[in-house]
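Dumped target.pdb below, it's PDB, C-alpha atoms and all ligand atoms:
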```
ATOM      1  CA  MET C  22     -28.425 -58.018  48.181
ATOM      2  CA  VAL C  23     -29.254 -54.376  48.981
ATOM      3  CA  MET C  24     -32.122 -53.811  51.437
ATOM      4  CA  THR C  25     -34.520 -51.690  49.399
ATOM      5  CA  GLU C  26     -35.901 -49.885  52.478
ATOM      6  CA  GLN C  27     -32.414 -48.429  53.035
ATOM      7  CA  LEU C  28     -32.006 -47.146  49.511
ATOM      8  CA  LEU C  29     -31.692 -43.429  48.852
ATOM      9  CA  GLY C  30     -33.227 -42.203  45.605
ATOM     10  CA  PHE C  31     -31.379 -39.928  43.182
ATOM     11  CA  ILE C  32     -33.081 -38.549  40.070
ATOM     12  CA  GLY C  33     -31.184 -36.482  37.485
ATOM     13  CA  LEU C  34     -27.615 -37.642  36.875
ATOM     14  CA  GLY C  35     -26.232 -34.833  34.698
ATOM     15  CA  ASN C  36     -23.193 -32.601  35.140
ATOM     16  CA  MET C  37     -24.074 -32.004  38.805
ATOM     17  CA  GLY C  38     -26.305 -34.912  39.834
ATOM     18  CA  GLY C  39     -23.948 -37.580  38.405
ATOM     19  CA  PRO C  40     -20.950 -36.683  40.610
ATOM     20  CA  MET C  41     -23.182 -35.798  43.585
ATOM     21  CA  ALA C  42     -24.747 -39.269  43.459
ATOM     22  CA  ALA C  43     -21.261 -40.778  43.110
ATOM     23  CA  ASN C  44     -20.109 -39.034  46.304
ATOM     24  CA  LEU C  45     -23.245 -40.076  48.173
ATOM     25  CA  SER C  46     -22.600 -43.647  47.082
ATOM     26  CA  ALA C  47     -18.866 -43.497  47.919
ATOM     27  CA  ALA C  48     -19.821 -42.449  51.485
ATOM     28  CA  GLY C  49     -21.457 -45.864  51.920
ATOM     29  CA  ASN C  50     -25.078 -45.134  50.977
ATOM     30  CA  ALA C  51     -27.010 -47.575  48.796
ATOM     31  CA  LEU C  52     -28.689 -45.697  45.935
ATOM     32  CA  ILE C  53     -31.464 -46.237  43.453
ATOM     33  CA  CYS C  54     -30.929 -43.845  40.525
ATOM     34  CA  TYR C  55     -32.950 -42.661  37.574
ATOM     35  CA  ASP C  56     -32.190 -40.355  34.645
ATOM     36  CA  ALA C  57     -34.538 -39.877  31.699
ATOM     37  CA  THR C  58     -31.675 -40.100  29.198
ATOM     38  CA  GLY C  59     -30.187 -43.284  30.622
ATOM     39  CA  SER C  60     -29.638 -44.364  34.212
ATOM     40  CA  ALA C  61     -27.171 -47.208  33.629
ATOM     41  CA  GLU C  62     -24.427 -45.111  32.039
ATOM     42  CA  ARG C  63     -24.836 -42.213  34.522
ATOM     43  CA  ALA C  64     -25.396 -43.969  37.866
ATOM     44  CA  PRO C  65     -22.464 -44.658  40.192
ATOM     45  CA  ASN C  66     -21.036 -48.185  40.289
ATOM     46  CA  GLY C  67     -23.074 -50.418  42.555
ATOM     47  CA  ALA C  68     -26.238 -48.289  42.428
ATOM     48  CA  VAL C  69     -29.588 -49.830  41.505
ATOM     49  CA  HIS C  70     -30.931 -48.480  38.177
ATOM     50  CA  ALA C  71     -34.633 -47.655  38.238
ATOM     51  CA  THR C  72     -36.708 -48.011  35.106
ATOM     52  CA  ASP C  73     -38.812 -44.958  35.960
ATOM     53  CA  VAL C  74     -39.580 -42.374  38.653
ATOM     54  CA  ALA C  75     -42.275 -44.601  40.183
ATOM     55  CA  GLU C  76     -39.746 -47.342  40.928
ATOM     56  CA  VAL C  77     -37.626 -44.828  42.866
ATOM     57  CA  ALA C  78     -40.735 -43.800  44.832
ATOM     58  CA  GLN C  79     -41.461 -47.446  45.647
ATOM     59  CA  LYS C  80     -37.933 -48.226  46.900
ATOM     60  CA  ALA C  81     -36.554 -45.073  48.580
ATOM     61  CA  ALA C  82     -37.820 -43.052  51.556
ATOM     62  CA  ILE C  83     -35.561 -40.063  50.808
ATOM     63  CA  VAL C  84     -35.207 -38.905  47.203
ATOM     64  CA  PHE C  85     -32.795 -36.277  45.840
ATOM     65  CA  LEU C  86     -33.627 -34.375  42.646
ATOM     66  CA  CYS C  87     -31.015 -32.668  40.465
ATOM     67  CA  LEU C  88     -33.015 -31.749  37.382
ATOM     68  CA  PRO C  89     -32.738 -28.984  34.775
ATOM     69  CA  ASP C  90     -35.410 -26.645  36.158
ATOM     70  CA  GLY C  91     -38.362 -26.072  38.479
ATOM     71  CA  PRO C  92     -41.167 -27.237  36.156
ATOM     72  CA  ILE C  93     -39.361 -30.573  35.605
ATOM     73  CA  ALA C  94     -38.654 -30.941  39.354
ATOM     74  CA  ASN C  95     -42.324 -30.238  40.047
ATOM     75  CA  THR C  96     -43.471 -32.822  37.467
ATOM     76  CA  VAL C  97     -41.090 -35.470  38.818
ATOM     77  CA  SER C  98     -42.214 -34.669  42.396
ATOM     78  CA  GLY C  99     -45.802 -35.234  41.252
ATOM     79  CA  GLU C 100     -44.797 -38.596  39.761
ATOM     80  CA  LEU C 101     -43.084 -39.570  43.033
ATOM     81  CA  MET C 102     -46.168 -38.552  44.990
ATOM     82  CA  SER C 103     -48.662 -40.470  42.873
ATOM     83  CA  ALA C 104     -46.634 -43.675  42.389
ATOM     84  CA  PRO C 105     -48.595 -46.716  43.565
ATOM     85  CA  GLY C 106     -47.084 -48.280  46.688
ATOM     86  CA  ARG C 107     -44.702 -45.399  47.254
ATOM     87  CA  ILE C 108     -42.575 -45.266  50.402
ATOM     88  CA  VAL C 109     -41.031 -41.872  49.687
ATOM     89  CA  GLU C 110     -41.409 -39.520  52.652
ATOM     90  CA  VAL C 111     -38.828 -36.773  51.926
ATOM     91  CA  VAL C 112     -37.920 -34.996  48.671
ATOM     92  CA  VAL C 113     -34.675 -32.995  48.661
ATOM     93  CA  ASP C 114     -34.616 -30.655  45.671
ATOM     94  CA  ASN C 115     -31.045 -29.902  44.572
ATOM     95  CA  THR C 116     -32.356 -28.407  41.317
ATOM     96  CA  THR C 117     -32.189 -24.625  40.959
ATOM     97  CA  SER C 118     -35.963 -24.537  40.780
ATOM     98  CA  GLY C 119     -36.759 -20.968  41.853
ATOM     99  CA  ALA C 120     -38.398 -19.734  45.062
ATOM    100  CA  SER C 121     -42.065 -19.718  44.029
ATOM    101  CA  GLU C 122     -41.626 -23.034  42.177
ATOM    102  CA  ALA C 123     -40.160 -24.563  45.362
ATOM    103  CA  ARG C 124     -43.092 -23.272  47.402
ATOM    104  CA  ALA C 125     -45.557 -24.796  44.908
ATOM    105  CA  THR C 126     -43.785 -28.173  45.021
ATOM    106  CA  HIS C 127     -43.663 -28.051  48.830
ATOM    107  CA  GLU C 128     -47.386 -27.340  48.995
ATOM    108  CA  MET C 129     -48.245 -30.157  46.594
ATOM    109  CA  LEU C 130     -46.075 -32.703  48.442
ATOM    110  CA  SER C 131     -47.181 -31.661  51.924
ATOM    111  CA  GLU C 132     -50.797 -32.411  51.001
ATOM    112  CA  ALA C 133     -49.629 -36.002  50.429
ATOM    113  CA  GLY C 134     -47.648 -36.073  53.707
ATOM    114  CA  ILE C 135     -44.248 -35.843  51.978
ATOM    115  CA  ALA C 136     -41.670 -33.444  53.462
ATOM    116  CA  TYR C 137     -39.737 -31.146  51.131
ATOM    117  CA  ALA C 138     -36.373 -29.411  51.490
ATOM    118  CA  ASP C 139     -35.110 -27.012  48.852
ATOM    119  CA  ALA C 140     -31.361 -27.467  48.709
ATOM    120  CA  PRO C 141     -29.812 -25.957  45.554
ATOM    121  CA  VAL C 142     -26.060 -26.080  45.130
ATOM    122  CA  SER C 143     -23.176 -23.885  43.999
ATOM    123  CA  GLY C 144     -19.621 -24.748  43.040
ATOM    124  CA  GLY C 145     -19.955 -26.156  39.531
ATOM    125  CA  ALA C 146     -19.238 -29.601  38.150
ATOM    126  CA  SER C 147     -15.715 -29.516  39.612
ATOM    127  CA  GLY C 148     -17.118 -28.800  43.094
ATOM    128  CA  ALA C 149     -19.676 -31.578  42.594
ATOM    129  CA  ARG C 150     -16.863 -34.027  41.768
ATOM    130  CA  ALA C 151     -14.752 -32.872  44.730
ATOM    131  CA  GLY C 152     -17.681 -32.891  47.188
ATOM    132  CA  THR C 153     -16.962 -29.259  48.056
ATOM    133  CA  LEU C 154     -20.263 -27.765  46.908
ATOM    134  CA  ALA C 155     -22.084 -25.099  48.840
ATOM    135  CA  MET C 156     -25.651 -26.273  49.499
ATOM    136  CA  MET C 157     -28.339 -23.802  50.553
ATOM    137  CA  VAL C 158     -30.900 -25.762  52.519
ATOM    138  CA  ALA C 159     -34.316 -24.522  53.587
ATOM    139  CA  ALA C 160     -36.117 -27.010  55.821
ATOM    140  CA  PRO C 161     -37.552 -27.314  59.323
ATOM    141  CA  ALA C 162     -34.693 -27.731  61.837
ATOM    142  CA  ASP C 163     -35.493 -31.396  62.587
ATOM    143  CA  LEU C 164     -35.524 -32.282  58.888
ATOM    144  CA  PHE C 165     -32.216 -30.497  58.326
ATOM    145  CA  SER C 166     -30.660 -32.461  61.239
ATOM    146  CA  ARG C 167     -31.911 -35.713  59.729
ATOM    147  CA  LEU C 168     -30.552 -34.853  56.286
ATOM    148  CA  GLU C 169     -27.253 -33.240  57.253
ATOM    149  CA  PRO C 170     -25.140 -36.453  57.418
ATOM    150  CA  LEU C 171     -26.347 -37.322  53.896
ATOM    151  CA  LEU C 172     -25.573 -33.875  52.537
ATOM    152  CA  ARG C 173     -21.989 -33.659  53.795
ATOM    153  CA  PRO C 174     -20.376 -36.097  51.293
ATOM    154  CA  MET C 175     -21.838 -33.998  48.452
ATOM    155  CA  ALA C 176     -21.523 -30.553  49.967
ATOM    156  CA  LYS C 177     -18.728 -29.755  52.375
ATOM    157  CA  ASN C 178     -20.285 -26.312  52.644
ATOM    158  CA  ALA C 179     -23.917 -27.186  53.380
ATOM    159  CA  ARG C 180     -25.748 -24.316  55.114
ATOM    160  CA  HIS C 181     -29.140 -24.299  56.816
ATOM    161  CA  VAL C 182     -30.304 -20.942  55.447
ATOM    162  CA  GLY C 183     -33.916 -20.926  56.630
ATOM    163  CA  THR C 184     -36.978 -22.904  57.620
ATOM    164  CA  GLU C 185     -39.439 -21.598  55.020
ATOM    165  CA  PRO C 186     -39.810 -23.349  51.641
ATOM    166  CA  GLY C 187     -38.136 -21.361  48.867
ATOM    167  CA  GLN C 188     -35.498 -19.671  51.053
ATOM    168  CA  GLY C 189     -32.748 -22.000  49.814
ATOM    169  CA  MET C 190     -33.725 -21.163  46.238
ATOM    170  CA  ALA C 191     -33.771 -17.434  47.034
ATOM    171  CA  MET C 192     -30.210 -17.710  48.393
ATOM    172  CA  LYS C 193     -29.113 -19.586  45.271
ATOM    173  CA  LEU C 194     -30.720 -17.064  42.910
ATOM    174  CA  LEU C 195     -29.064 -14.068  44.558
ATOM    175  CA  ASN C 196     -25.748 -15.938  44.459
ATOM    176  CA  ASN C 197     -26.120 -16.649  40.742
ATOM    177  CA  PHE C 198     -27.029 -13.042  40.002
ATOM    178  CA  LEU C 199     -23.701 -12.096  41.619
ATOM    179  CA  SER C 200     -21.844 -14.859  39.763
ATOM    180  CA  GLY C 201     -23.401 -13.936  36.394
ATOM    181  CA  MET C 202     -22.598 -10.270  36.989
ATOM    182  CA  ALA C 203     -18.982 -11.107  37.899
ATOM    183  CA  MET C 204     -18.564 -13.113  34.674
ATOM    184  CA  ALA C 205     -20.081 -10.419  32.457
ATOM    185  CA  ALA C 206     -18.280  -7.519  34.168
ATOM    186  CA  THR C 207     -14.941  -9.335  34.189
ATOM    187  CA  SER C 208     -15.324 -10.142  30.473
ATOM    188  CA  GLU C 209     -15.841  -6.455  29.724
ATOM    189  CA  ALA C 210     -12.866  -5.514  31.886
ATOM    190  CA  MET C 211     -10.692  -8.123  30.113
ATOM    191  CA  ALA C 212     -11.741  -6.746  26.698
ATOM    192  CA  PHE C 213     -10.724  -3.275  27.896
ATOM    193  CA  GLY C 214      -7.407  -4.640  29.213
ATOM    194  CA  ALA C 215      -6.695  -6.351  25.888
ATOM    195  CA  ARG C 216      -7.292  -3.035  24.053
ATOM    196  CA  GLN C 217      -4.762  -1.448  26.386
ATOM    197  CA  GLY C 218      -2.185  -4.135  25.584
ATOM    198  CA  LEU C 219      -2.453  -5.871  28.977
ATOM    199  CA  ASP C 220      -1.871  -9.602  29.166
ATOM    200  CA  MET C 221      -4.758 -11.738  30.555
ATOM    201  CA  ALA C 222      -2.549 -13.730  32.927
ATOM    202  CA  THR C 223      -1.117 -10.466  34.298
ATOM    203  CA  ILE C 224      -4.616  -9.024  34.811
ATOM    204  CA  ILE C 225      -5.674 -12.192  36.679
ATOM    205  CA  ASP C 226      -2.552 -12.148  38.827
ATOM    206  CA  THR C 227      -2.945  -8.461  39.690
ATOM    207  CA  VAL C 228      -6.722  -8.127  40.153
ATOM    208  CA  SER C 229      -6.889 -11.319  42.228
ATOM    209  CA  VAL C 230      -4.949  -9.467  44.955
ATOM    210  CA  SER C 231      -6.769  -6.158  44.378
ATOM    211  CA  SER C 232     -10.218  -4.831  45.247
ATOM    212  CA  GLY C 233     -11.826  -5.925  41.954
ATOM    213  CA  THR C 234     -11.369  -9.617  42.661
ATOM    214  CA  ASN C 235     -14.276 -12.051  42.263
ATOM    215  CA  THR C 236     -14.865 -15.714  41.326
ATOM    216  CA  ALA C 237     -14.458 -15.006  37.598
ATOM    217  CA  ILE C 238     -10.971 -13.657  38.300
ATOM    218  CA  THR C 239      -9.947 -16.359  40.784
ATOM    219  CA  ASP C 240     -11.542 -19.387  39.108
ATOM    220  CA  LYS C 241     -13.275 -19.142  35.715
ATOM    221  CA  PHE C 242     -10.734 -16.960  33.890
ATOM    222  CA  PRO C 243      -7.563 -18.769  35.053
ATOM    223  CA  ASN C 244      -9.026 -22.299  34.846
ATOM    224  CA  ARG C 245     -11.490 -22.258  31.933
ATOM    225  CA  ILE C 246     -10.944 -19.160  29.784
ATOM    226  CA  LEU C 247      -7.189 -18.533  29.738
ATOM    227  CA  SER C 248      -6.786 -22.218  28.775
ATOM    228  CA  GLU C 249      -9.616 -21.833  26.203
ATOM    229  CA  SER C 250     -11.181 -25.065  27.500
ATOM    230  CA  PHE C 251     -14.554 -23.368  28.240
ATOM    231  CA  ASP C 252     -15.565 -26.425  30.241
ATOM    232  CA  SER C 253     -17.078 -25.269  33.535
ATOM    233  CA  GLY C 254     -20.048 -27.600  32.933
ATOM    234  CA  PHE C 255     -22.516 -24.760  33.620
ATOM    235  CA  ALA C 256     -24.578 -24.092  30.520
ATOM    236  CA  THR C 257     -25.544 -20.595  29.334
ATOM    237  CA  ARG C 258     -29.151 -21.860  29.265
ATOM    238  CA  LEU C 259     -28.935 -22.561  33.020
ATOM    239  CA  MET C 260     -27.327 -19.181  33.807
ATOM    240  CA  THR C 261     -30.074 -17.433  31.845
ATOM    241  CA  LYS C 262     -32.780 -19.539  33.511
ATOM    242  CA  ASP C 263     -31.463 -18.627  36.980
ATOM    243  CA  LEU C 264     -31.234 -14.941  36.194
ATOM    244  CA  ARG C 265     -34.768 -14.926  34.793
ATOM    245  CA  LEU C 266     -36.009 -16.586  38.000
ATOM    246  CA  TYR C 267     -34.166 -13.949  40.025
ATOM    247  CA  VAL C 268     -35.603 -11.021  38.053
ATOM    248  CA  ASP C 269     -39.120 -12.516  38.173
ATOM    249  CA  SER C 270     -38.812 -12.969  41.957
ATOM    250  CA  CYS C 271     -37.602  -9.374  42.342
ATOM    251  CA  LYS C 272     -40.606  -8.139  40.386
ATOM    252  CA  GLU C 273     -43.024 -10.268  42.420
ATOM    253  CA  LEU C 274     -41.634  -8.693  45.599
ATOM    254  CA  ASP C 275     -41.089  -5.200  44.209
ATOM    255  CA  ALA C 276     -37.363  -5.524  44.991
ATOM    256  CA  PRO C 277     -34.814  -3.472  42.986
ATOM    257  CA  CYS C 278     -33.641  -5.211  39.807
ATOM    258  CA  LEU C 279     -32.050  -2.523  37.641
ATOM    259  CA  LEU C 280     -28.713  -4.313  37.219
ATOM    260  CA  SER C 281     -30.069  -7.874  37.115
ATOM    261  CA  GLU C 282     -32.685  -7.037  34.484
ATOM    262  CA  THR C 283     -30.102  -5.277  32.311
ATOM    263  CA  LEU C 284     -27.738  -8.232  32.734
ATOM    264  CA  LEU C 285     -30.501 -10.625  31.662
ATOM    265  CA  ASP C 286     -31.770  -8.636  28.688
ATOM    266  CA  GLN C 287     -28.513  -7.187  27.384
ATOM    267  CA  VAL C 288     -26.017  -9.947  28.114
ATOM    268  CA  TRP C 289     -27.085 -13.486  29.051
ATOM    269  CA  GLY C 290     -30.388 -13.465  27.133
ATOM    270  CA  GLN C 291     -28.576 -12.334  23.990
ATOM    271  CA  MET C 292     -25.804 -14.864  24.449
ATOM    272  CA  LEU C 293     -28.377 -17.650  24.810
ATOM    273  CA  ALA C 294     -30.084 -16.516  21.593
ATOM    274  CA  GLU C 295     -26.796 -16.516  19.677
ATOM    275  CA  LYS C 296     -25.000 -19.443  21.351
ATOM    276  CA  PRO C 297     -27.758 -21.673  22.751
ATOM    277  CA  ALA C 298     -25.539 -24.711  23.451
ATOM    278  CA  SER C 299     -22.623 -22.813  25.002
ATOM    279  CA  ASP C 300     -20.871 -23.186  28.349
ATOM    280  CA  PHE C 301     -21.307 -19.965  30.335
ATOM    281  CA  THR C 302     -17.522 -19.356  30.301
ATOM    282  CA  GLU C 303     -17.880 -18.610  26.566
ATOM    283  CA  ILE C 304     -19.152 -15.198  27.697
ATOM    284  CA  TYR C 305     -15.631 -13.842  27.153
ATOM    285  CA  PRO C 306     -15.318 -14.696  23.417
ATOM    286  CA  PHE C 307     -18.958 -13.589  23.054
ATOM    287  CA  THR C 308     -18.081 -10.214  24.632
ATOM    288  CA  LEU C 309     -15.070  -9.834  22.314
ATOM    289  CA  MET C 310     -17.193 -10.724  19.290
ATOM    290  CA  ARG C 311     -19.782  -8.067  20.191
ATOM    291  CA  ASP C 312     -16.977  -5.578  20.779
ATOM    292  CA  LYS C 313     -15.943  -5.668  17.092
TER
HETATM  293  P1  LIG V   1     -27.799 -31.306  33.240
HETATM  294  O1  LIG V   1     -28.656 -30.853  32.117
HETATM  295  O2  LIG V   1     -26.373 -31.687  32.988
HETATM  296  O3  LIG V   1     -28.490 -32.560  34.007
HETATM  297  C1  LIG V   1     -29.871 -32.708  34.203
HETATM  298  C2  LIG V   1     -30.180 -34.204  34.108
HETATM  299  O4  LIG V   1     -31.581 -34.381  34.369
HETATM  300  C3  LIG V   1     -29.909 -34.779  32.712
HETATM  301  O5  LIG V   1     -29.044 -35.912  32.815
HETATM  302  C4  LIG V   1     -31.299 -35.153  32.198
HETATM  303  O6  LIG V   1     -31.293 -36.316  31.373
HETATM  304  C5  LIG V   1     -32.049 -35.392  33.484
HETATM  305  N1  LIG V   1     -33.501 -35.239  33.343
HETATM  306  C6  LIG V   1     -34.169 -34.276  32.675
HETATM  307  N2  LIG V   1     -35.500 -34.472  32.807
HETATM  308  C7  LIG V   1     -35.648 -35.581  33.573
HETATM  309  C8  LIG V   1     -36.781 -36.278  34.061
HETATM  310  N3  LIG V   1     -38.027 -35.872  33.794
HETATM  311  N4  LIG V   1     -36.580 -37.383  34.812
HETATM  312  C9  LIG V   1     -35.315 -37.819  35.099
HETATM  313  N5  LIG V   1     -34.205 -37.194  34.650
HETATM  314  C10 LIG V   1     -34.378 -36.079  33.905
HETATM  315  O7  LIG V   1     -27.880 -30.132  34.332
HETATM  316  P2  LIG V   1     -26.845 -29.849  35.509
HETATM  317  O8  LIG V   1     -25.787 -28.952  34.996
HETATM  318  O9  LIG V   1     -26.510 -31.134  36.184
HETATM  319  O10 LIG V   1     -27.772 -28.957  36.467
HETATM  320  C11 LIG V   1     -28.781 -29.537  37.271
HETATM  321  C12 LIG V   1     -29.350 -28.442  38.162
HETATM  322  O11 LIG V   1     -28.312 -27.907  38.984
HETATM  323  C13 LIG V   1     -29.935 -27.263  37.373
HETATM  324  O12 LIG V   1     -31.092 -26.810  38.009
HETATM  325  C14 LIG V   1     -28.831 -26.231  37.416
HETATM  326  O13 LIG V   1     -29.346 -24.898  37.306
HETATM  327  C15 LIG V   1     -28.215 -26.507  38.766
HETATM  328  N6  LIG V   1     -26.782 -26.154  38.896
HETATM  329  C16 LIG V   1     -25.887 -26.438  37.890
HETATM  330  C17 LIG V   1     -24.549 -26.102  38.071
HETATM  331  C18 LIG V   1     -23.510 -26.409  37.005
HETATM  332  O14 LIG V   1     -22.391 -25.880  37.108
HETATM  333  N7  LIG V   1     -23.815 -27.227  36.012
HETATM  334  C19 LIG V   1     -24.118 -25.487  39.239
HETATM  335  C20 LIG V   1     -25.040 -25.240  40.249
HETATM  336  C21 LIG V   1     -26.379 -25.580  40.063
END
```

What does the file become when written as structure tokens?
Amino acid sequence: MVMTEQLLGFIGLGNMGGPMAANLSAAGNALICYDATGSAERAPNGAVHATDVAEVAQKAAIVFLCLPDGPIANTVSGELMSAPGRIVEVVVDNTTSGASEARATHEMLSEAGIAYADAPVSGGASGARAGTLAMMVAAPADLFSRLEPLLRPMAKNARHVGTEPGQGMAMKLLNNFLSGMAMAATSEAMAFGARQGLDMATIIDTVSVSSGTNTAITDKFPNRILSESFDSGFATRLMTKDLRLYVDSCKELDAPCLLSETLLDQVWGQMLAEKPASDFTEIYPFTLMRDK
């Protein structure tokens, strides 16, 4: 029988949260899991399945969230906070929620005496399965020290990026701007190469050891696009959401956003409108289609 006071909570068991929870469980932690579209089929073997968010709040002191977006993470945090008989004292938000959304959730939870760490991740579904994610954690130093042993099985590359709420999200958003730009720019470069009669595998092999290299060249093109599997597990809707959060944050702070705003309006926003259910690696066929 699992001691409920030792349970860790995990809410949101999708492409990222499912394998992250599995790694947390495989490291010897007892979990109570909840997902709105079915906990039993998504939770790791041996985990307790909660019937709702309140049950997680009643049985776990530390709760991880890996939800689609900031508004949902904020709503679920509110449900955790107001659950009768709750024992939750720390919420770790692995959602890419956005910086101002993270600050709002932190403020709401702190009024109820619940600590909050924003801890978004990078590395895709394959990194989540392998436990090699980067995790960008903003939390007071003592909270980070308490959490670190729990983060390691999920994120070999966990980093304490700051102590102010929202700084982890800010790091994640700037990373995803760079990642989204690399995918769009590399797709354009590949379309140009194809027009010049260059072979994709040869371009990958050559640019990967040249100054134009980036994660699209070293990972997405060889592993997901050349094979035409288009299965990174990162949806175009999530890429577009992250870029919109980045551009909105830039505007709030009067930071330069010429390239990011163009990328959002002219590339990812249009791809989402035309291919709403796509994986973000489908940017290459989308670029070729627009090229015609
Ligand atoms: P996903 O859509 O696959 O999973 C989200 C899960 O949350 C789903 O299983 C859904 O049923 C569940 N959910 C939704 N609302 C809920 C609620 N109210 N209560 C409980 N469960 C609820 O998304 P994902 O790809 O796993 O991404 C999760 C987060 O991680 C997003 O913020 C995303 O931007 C970020 N992220 C994704 C990737 C990636 O490659 N997929 C990489 C880095 C970061």

Quiz item: Neighbours of ligand LIG 1 (chain V) within 6 Å, counting all atoms listed in the file, as a PyMOL selection string?
Solution: chain C and resi 32-38+55-58+87-90+93+97+116-117+142-146+254-255+259

Quiz item: Using all atoms listed in the file, which residue out of C:Ile225, C:Ser131, C:Gly187, C:Ala136 lies closest to Arg167 of chain C?
Solution: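 Looking at the shortest contact to Arg167 of chain C, the residue is C:Ala136.
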
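Counting all atoms listed in the file and comparing C:Ala81, C:Thr126, C:Val111, C:Met192, the residue that lies closest to Ala94 of chain C is C:Thr126.
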
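When all atoms listed in the file are used to measure the gap to Ala61 of chain C, the shortest distance among C:Gly39, C:Pro297, C:Ala205, C:Asp240 belongs to C:Gly39.
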
Quiz item: Applied to this file, what does the PyMOL selection byres (((chain C and resi 103) around 12) and not hetatm) return in terms of residues, put as a ChimeraX atom specification?
Solution: /C:74-79,96-102,104-109,129-130,132-135

Could you dump the residues just selected with C-alpha atoms as a PDB file, in the coordinates of the input?
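Writing the result to selection.pdb gives the following:
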```pdb
ATOM      1  CA  VAL C  74     -39.580 -42.374  38.653  1.00  0.00           C
ATOM      2  CA  ALA C  75     -42.275 -44.601  40.183  1.00  0.00           C
ATOM      3  CA  GLU C  76     -39.746 -47.342  40.928  1.00  0.00           C
ATOM      4  CA  VAL C  77     -37.626 -44.828  42.866  1.00  0.00           C
ATOM      5  CA  ALA C  78     -40.735 -43.800  44.832  1.00  0.00           C
ATOM      6  CA  GLN C  79     -41.461 -47.446  45.647  1.00  0.00           C
ATOM      7  CA  THR C  96     -43.471 -32.822  37.467  1.00  0.00           C
ATOM      8  CA  VAL C  97     -41.090 -35.470  38.818  1.00  0.00           C
ATOM      9  CA  SER C  98     -42.214 -34.669  42.396  1.00  0.00           C
ATOM     10  CA  GLY C  99     -45.802 -35.234  41.252  1.00  0.00           C
ATOM     11  CA  GLU C 100     -44.797 -38.596  39.761  1.00  0.00           C
ATOM     12  CA  LEU C 101     -43.084 -39.570  43.033  1.00  0.00           C
ATOM     13  CA  MET C 102     -46.168 -38.552  44.990  1.00  0.00           C
ATOM     14  CA  ALA C 104     -46.634 -43.675  42.389  1.00  0.00           C
ATOM     15  CA  PRO C 105     -48.595 -46.716  43.565  1.00  0.00           C
ATOM     16  CA  GLY C 106     -47.084 -48.280  46.688  1.00  0.00           C
ATOM     17  CA  ARG C 107     -44.702 -45.399  47.254  1.00  0.00           C
ATOM     18  CA  ILE C 108     -42.575 -45.266  50.402  1.00  0.00           C
ATOM     19  CA  VAL C 109     -41.031 -41.872  49.687  1.00  0.00           C
ATOM     20  CA  MET C 129     -48.245 -30.157  46.594  1.00  0.00           C
ATOM     21  CA  LEU C 130     -46.075 -32.703  48.442  1.00  0.00           C
ATOM     22  CA  GLU C 132     -50.797 -32.411  51.001  1.00  0.00           C
ATOM     23  CA  ALA C 133     -49.629 -36.002  50.429  1.00  0.00           C
ATOM     24  CA  GLY C 134     -47.648 -36.073  53.707  1.00  0.00           C
ATOM     25  CA  ILE C 135     -44.248 -35.843  51.978  1.00  0.00           C
TER      26      ILE C 135
END
```

Quiz prompt | Å distance separating atom CA of Pro186 of chain C from atom CA of Ser118 of chain C, one decimal place | solution = 11.6 Å

Quiz item: Applied to the shown file, which residues does the PyMOL selection byres (((chain C and resi 174-179) around 9) and not hetatm) return, written as JSON, numbers by chain?
Solution: {"C": [40, 41, 42, 43, 44, 45, 46, 47, 48, 140, 142, 148, 149, 150, 151, 152, 153, 154, 155, 156, 157, 158, 169, 170, 171, 172, 173, 180, 181]}
